[in-house]
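Enquirer: The structure's right below; bear with me while I get my questions together.
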Amino acid sequence: MDDESSDSLELSRAKRNERIEKLGFRPQKELFCNKFLPYADRLDDESQAMLENIKNNLGKAVAMREITPGVSIYVSRLMKYIKLYGMKFSKEDHIKFVKLLLELINIPNLEPDKVNKFCYAITTLLRKPEWLSPDDIQIEWRPLYKLCNLILNKNSSKGDLYRYFASLETNLQFVIQYCAPYFPRCSTQEILDELLPKLQPLDTGKSFDTFGMLCTFLSCEHDYELWFDKFMSIWNAYHNPPWSIDMMTLYATVGFKNIGYIDWEEHIPTMFARILRSIDFPVSYKSTKSSKLQSLTPQAIAIWIVAV
């Protein structure tokens, strides 16, 4: 019985290696259900023809600087390819697609609808961190910061004649969060040097955008020691500031990604006091209740409690 299972394992491994040799690459991640289709034996040829068409024409459109309609059409076809076949391309092609799309969204004065489309494509390519490691690709944070500052900053002039999609800000934030693990290790200190001087400690309303930027750009997997205690002391200095939601999200994320490495002992009483005030139980002291305007998000609260 063991001999039969080992023989079948060797046979399947040989077929897999033969298929990889025929394709010319090891696919990143395929849709497992495609192998049950009645024409599964023809899918490799079909997908290869479509992928080659996308790569060739996308490269030509970029070389000719034909953003509309050339690049836009073939980015849409790339998304269609991923829906049909999954990440059925090599790691090298995967990296090139990500780098190309990052360059595209940083084109000056690019139409917002194109930025929105390219951001969605980037989030699709980077949604699983196990597909690409920081050793495979490094992404610079400053071009994304300039784009984020233009689109997300309410005080920046964006050009009122352009139509901004409701999903643009969300897609751009997702792009930055997915790209943050691929920032260089020195980027944490650079981000702090850039954004900390912009905090306005005496005006709790205007500093919301800066805390939102910090929450979006800072990597929670490494170098959190550079800002952990400093941000906690700033948070403790204010009662129910408008950026508490960003702080709770940031500390919940860093706690979840570093379970067992952070000593929360001295912060637990204060954090649970904030959580209880945010939950707003139907009890009060001398008919005075806490404000409901700055309640913390239940998801961030649950993640932090689990992480602690």
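In the structure tokens, chains take letters A, B, ... by order of appearance, with residues numbered from 1 within each chain and ligands from 1 in the order shown.
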I'd like the contact shell of A:Lys80 - 12 Å cut-off, only C-alpha atoms, skipping same-chain residues fewer than 3 positions apart - returned as a PyMOL selection string.

Expert: chain A and resi 47+50-51+54+73-77+83-87+121+124

Enquirer: Mind giving me the straight-line distance from atom CA of A:Gln48 to atom CA of A:Leu31 in Å, one decimal?

Expert: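 If I compute the distance from atom CA of A:Gln48 to atom CA of A:Leu31, I get 14.8 Å.
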
Enquirer: One decimal, Å: what's the distance from atom CA of A:Phe228 over to atom CA of A:Trp131, could you say?

Expert: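 These two atoms are separated by 29.0 Å.
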
Enquirer: List the neighbours of A:Ser278 out to 6 Å using only C-alpha atoms; skip same-chain residues closer than 3 positions along the sequence, and give me the result as a VMD selection string.

Expert: chain A and resid 275 295 to 296

Enquirer: Using only C-alpha atoms, pick whichever of A:Asn240, A:Gly255, A:Gln299, A:Asp229 has the shortest atom-to-atom distance to A:Arg274.

Expert: A:Asn240

Enquirer: With distances taken over only C-alpha atoms, which of A:Leu110, A:Leu214, A:Ala300, A:Ile82 is nearest to A:Asn149?

Expert: A:Leu214

Enquirer: To one decimal place, how far is atom CA of A:Ala273 from atom CA of A:His222 in Å?

Expert: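 Computing it gives 27.5 Å between the two atoms.
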
Enquirer: Show me, as a VMD selection string, the residues that have an atom within 9 Å of stretch 246-253 of chain A when counting only C-alpha atoms, minus same-chain residues fewer than 3 positions from it.

Expert: chain A and resid 208 211 to 212 214 to 216 218 220 to 221 228 231 to 232 235 242 to 243 256 to 258 271 296 to 297 299 to 305 307

Enquirer: Write the residues you've just listed into a file as a compact mmCIF listing (two decimals), in the first residue's frame, and include N, CA and C atoms for each of them.

Expert:
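The resulting result-v2.txt:
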# COMPACT_ATOMS: atom_id res chain seq x y z
N PHE A 208 -5.92 65.51 12.52
CA PHE A 208 -6.54 64.24 12.11
C PHE A 208 -5.91 63.68 10.85
N PHE A 211 -2.45 62.03 11.57
CA PHE A 211 -2.56 60.72 12.22
C PHE A 211 -3.11 59.67 11.26
N GLY A 212 -4.01 60.08 10.38
CA GLY A 212 -4.50 59.14 9.38
C GLY A 212 -3.39 58.68 8.44
N LEU A 214 -0.14 58.61 9.22
CA LEU A 214 0.75 57.75 10.00
C LEU A 214 0.17 56.34 10.12
N CYS A 215 -1.12 56.26 10.36
CA CYS A 215 -1.78 54.96 10.50
C CYS A 215 -1.73 54.18 9.19
N THR A 216 -1.75 54.91 8.07
CA THR A 216 -1.75 54.25 6.76
C THR A 216 -0.36 53.81 6.34
N LEU A 218 2.74 53.65 8.25
CA LEU A 218 3.68 52.96 9.13
C LEU A 218 3.50 51.44 9.04
N CYS A 220 3.54 47.92 10.62
CA CYS A 220 3.31 47.42 11.97
C CYS A 220 4.06 46.13 12.25
N GLU A 221 4.84 45.65 11.31
CA GLU A 221 5.54 44.38 11.49
C GLU A 221 6.95 44.55 12.02
N PHE A 228 6.07 53.55 19.20
CA PHE A 228 5.05 52.96 20.08
C PHE A 228 4.83 53.81 21.33
N PHE A 231 3.67 57.68 20.59
CA PHE A 231 2.27 57.85 20.22
C PHE A 231 1.34 57.58 21.41
N MET A 232 1.71 56.61 22.23
CA MET A 232 0.88 56.31 23.40
C MET A 232 0.87 57.48 24.37
N TRP A 235 -1.40 60.13 22.93
CA TRP A 235 -2.80 59.72 23.08
C TRP A 235 -3.27 59.90 24.52
N PRO A 242 -10.25 63.44 18.26
CA PRO A 242 -10.89 62.92 17.04
C PRO A 242 -10.07 61.87 16.32
N TRP A 243 -8.76 61.76 16.63
CA TRP A 243 -7.93 60.76 15.96
C TRP A 243 -7.78 59.48 16.80
N PHE A 256 -1.67 42.74 16.88
CA PHE A 256 -2.04 41.48 16.22
C PHE A 256 -0.86 40.89 15.45
N LYS A 257 -0.03 41.76 14.86
CA LYS A 257 1.09 41.27 14.06
C LYS A 257 2.33 40.98 14.89
N ASN A 258 2.30 41.32 16.17
CA ASN A 258 3.45 41.07 17.05
C ASN A 258 2.98 40.45 18.36
N MET A 271 -6.26 51.52 28.20
CA MET A 271 -6.90 51.05 26.97
C MET A 271 -8.31 50.53 27.25
N LEU A 296 -14.76 54.24 19.28
CA LEU A 296 -13.78 53.40 18.60
C LEU A 296 -14.49 52.33 17.79
N THR A 297 -13.84 51.86 16.74
CA THR A 297 -14.47 50.85 15.89
C THR A 297 -14.46 49.49 16.59
N GLN A 299 -14.29 46.53 15.39
CA GLN A 299 -13.32 45.61 14.81
C GLN A 299 -11.94 45.82 15.43
N ALA A 300 -11.51 47.09 15.55
CA ALA A 300 -10.20 47.38 16.13
C ALA A 300 -10.16 46.96 17.60
N ILE A 301 -11.26 47.18 18.32
CA ILE A 301 -11.32 46.78 19.73
C ILE A 301 -11.17 45.26 19.86
N ALA A 302 -11.90 44.52 19.04
CA ALA A 302 -11.83 43.06 19.10
C ALA A 302 -10.44 42.54 18.76
N ILE A 303 -9.81 43.12 17.74
CA ILE A 303 -8.47 42.68 17.34
C ILE A 303 -7.47 42.95 18.46
N TRP A 304 -7.57 44.12 19.09
CA TRP A 304 -6.62 44.45 20.17
C TRP A 304 -6.79 43.50 21.35
N ILE A 305 -8.05 43.22 21.74
CA ILE A 305 -8.29 42.33 22.88
C ILE A 305 -7.74 40.94 22.59
N ALA A 307 -5.27 40.24 20.57
CA ALA A 307 -3.81 40.32 20.50
C ALA A 307 -3.18 40.38 21.88

Enquirer: Per residue of stretch 57-153 of chain A within 7 Å of stretch 169-184 of chain A, note the shortest atom pair and the distance in Å to one decimal, counting only C-alpha atoms, and order the rows by chain and increasing residue number, as a Markdown table.

Expert:
| residue | atom | partner | partner_atom | distance |
| --- | --- | --- | --- | --- |
| A:Asn116 | CA | A:Asn171 | CA | 6.7 |
| A:Cys119 | CA | A:Asn171 | CA | 5.9 |
| A:Tyr120 | CA | A:Asn171 | CA | 6.1 |
| A:Ile122 | CA | A:Val175 | CA | 6.5 |
| A:Thr123 | CA | A:Val175 | CA | 5.5 |
| A:Leu126 | CA | A:Tyr178 | CA | 6.2 |
| A:Arg127 | CA | A:Tyr178 | CA | 6.7 |
| A:Pro134 | CA | A:Tyr182 | CA | 5.0 |
| A:Ile137 | CA | A:Tyr182 | CA | 6.6 |
| A:Gln138 | CA | A:Tyr182 | CA | 5.0 |
| A:Ile139 | CA | A:Phe183 | CA | 5.1 |
| A:Glu140 | CA | A:Phe183 | CA | 5.9 |
| A:Trp141 | CA | A:Phe183 | CA | 6.3 |
| A:Leu152 | CA | A:Glu169 | CA | 6.4 |

Enquirer: Store the residues of this selection in a file with N, CA and C atoms, as a PDB file, in the first residue's frame.

Expert:
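Wrote it out as out.pdb, contents follow:
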ATOM      1  N   ASN A 116      -7.819  55.224  -9.992  1.00  0.00           N
ATOM      2  CA  ASN A 116      -8.692  54.288  -9.292  1.00  0.00           C
ATOM      3  C   ASN A 116      -8.565  52.875  -9.865  1.00  0.00           C
ATOM      4  N   CYS A 119      -5.069  51.425  -9.030  1.00  0.00           N
ATOM      5  CA  CYS A 119      -4.979  51.083  -7.602  1.00  0.00           C
ATOM      6  C   CYS A 119      -5.677  49.760  -7.319  1.00  0.00           C
ATOM      7  N   TYR A 120      -6.829  49.559  -7.937  1.00  0.00           N
ATOM      8  CA  TYR A 120      -7.534  48.286  -7.752  1.00  0.00           C
ATOM      9  C   TYR A 120      -6.693  47.123  -8.266  1.00  0.00           C
ATOM     10  N   ILE A 122      -3.406  46.987  -8.392  1.00  0.00           N
ATOM     11  CA  ILE A 122      -2.286  46.767  -7.468  1.00  0.00           C
ATOM     12  C   ILE A 122      -2.745  45.985  -6.246  1.00  0.00           C
ATOM     13  N   THR A 123      -3.896  46.342  -5.690  1.00  0.00           N
ATOM     14  CA  THR A 123      -4.394  45.609  -4.518  1.00  0.00           C
ATOM     15  C   THR A 123      -4.683  44.152  -4.865  1.00  0.00           C
ATOM     16  N   LEU A 126      -1.277  42.351  -4.896  1.00  0.00           N
ATOM     17  CA  LEU A 126      -0.540  42.308  -3.625  1.00  0.00           C
ATOM     18  C   LEU A 126      -1.389  41.824  -2.453  1.00  0.00           C
ATOM     19  N   ARG A 127      -2.585  41.298  -2.724  1.00  0.00           N
ATOM     20  CA  ARG A 127      -3.479  41.006  -1.602  1.00  0.00           C
ATOM     21  C   ARG A 127      -3.011  39.836  -0.740  1.00  0.00           C
ATOM     22  N   PRO A 134       9.382  40.648   0.929  1.00  0.00           N
ATOM     23  CA  PRO A 134      10.171  41.888   0.832  1.00  0.00           C
ATOM     24  C   PRO A 134      11.526  41.692   0.168  1.00  0.00           C
ATOM     25  N   ILE A 137      10.826  42.248  -3.781  1.00  0.00           N
ATOM     26  CA  ILE A 137      10.525  43.577  -4.301  1.00  0.00           C
ATOM     27  C   ILE A 137      10.582  44.593  -3.167  1.00  0.00           C
ATOM     28  N   GLN A 138      11.089  45.777  -3.462  1.00  0.00           N
ATOM     29  CA  GLN A 138      11.075  46.900  -2.534  1.00  0.00           C
ATOM     30  C   GLN A 138      10.345  48.060  -3.189  1.00  0.00           C
ATOM     31  N   ILE A 139       9.509  48.722  -2.417  1.00  0.00           N
ATOM     32  CA  ILE A 139       8.679  49.811  -2.929  1.00  0.00           C
ATOM     33  C   ILE A 139       9.011  51.078  -2.151  1.00  0.00           C
ATOM     34  N   GLU A 140       9.248  52.169  -2.856  1.00  0.00           N
ATOM     35  CA  GLU A 140       9.534  53.446  -2.215  1.00  0.00           C
ATOM     36  C   GLU A 140       8.234  54.079  -1.719  1.00  0.00           C
ATOM     37  N   TRP A 141       8.281  54.629  -0.527  1.00  0.00           N
ATOM     38  CA  TRP A 141       7.071  55.169   0.084  1.00  0.00           C
ATOM     39  C   TRP A 141       6.780  56.605  -0.317  1.00  0.00           C
ATOM     40  N   LEU A 152      -5.953  62.474  -0.638  1.00  0.00           N
ATOM     41  CA  LEU A 152      -6.624  62.312   0.653  1.00  0.00           C
ATOM     42  C   LEU A 152      -6.646  63.577   1.483  1.00  0.00           C
TER      43      LEU A 152
END

Enquirer: Go through A:Leu58, A:Leu78, A:Leu199, A:Leu125 and flag the residue nearest A:Val98, using only C-alpha atoms for the distances.

Expert: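 Of A:Leu58, A:Leu78, A:Leu199, A:Leu125, the one nearest A:Val98 is A:Leu125, counting only C-alpha atoms.
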
Enquirer: Could you find all residues in stretch 51-288 of chain A that DSSP calls helix (DSSP H, G or I) from the backbone, and write them as a PyMOL selection string?

Expert: chain A and resi 51-63+67-85+91-105+112-126+142-152+168-182+187-198+208-217+224-226+228-236+244-257+268-279

Enquirer: Report as a PyMOL selection string all protein, DNA and RNA residues lying within 12 Å of A:Leu23, evaluated on only C-alpha atoms, omitting residues in the same chain fewer than 2 positions from it.

Expert: chain A and resi 16-21+25-27+43-49+51-52+88-90
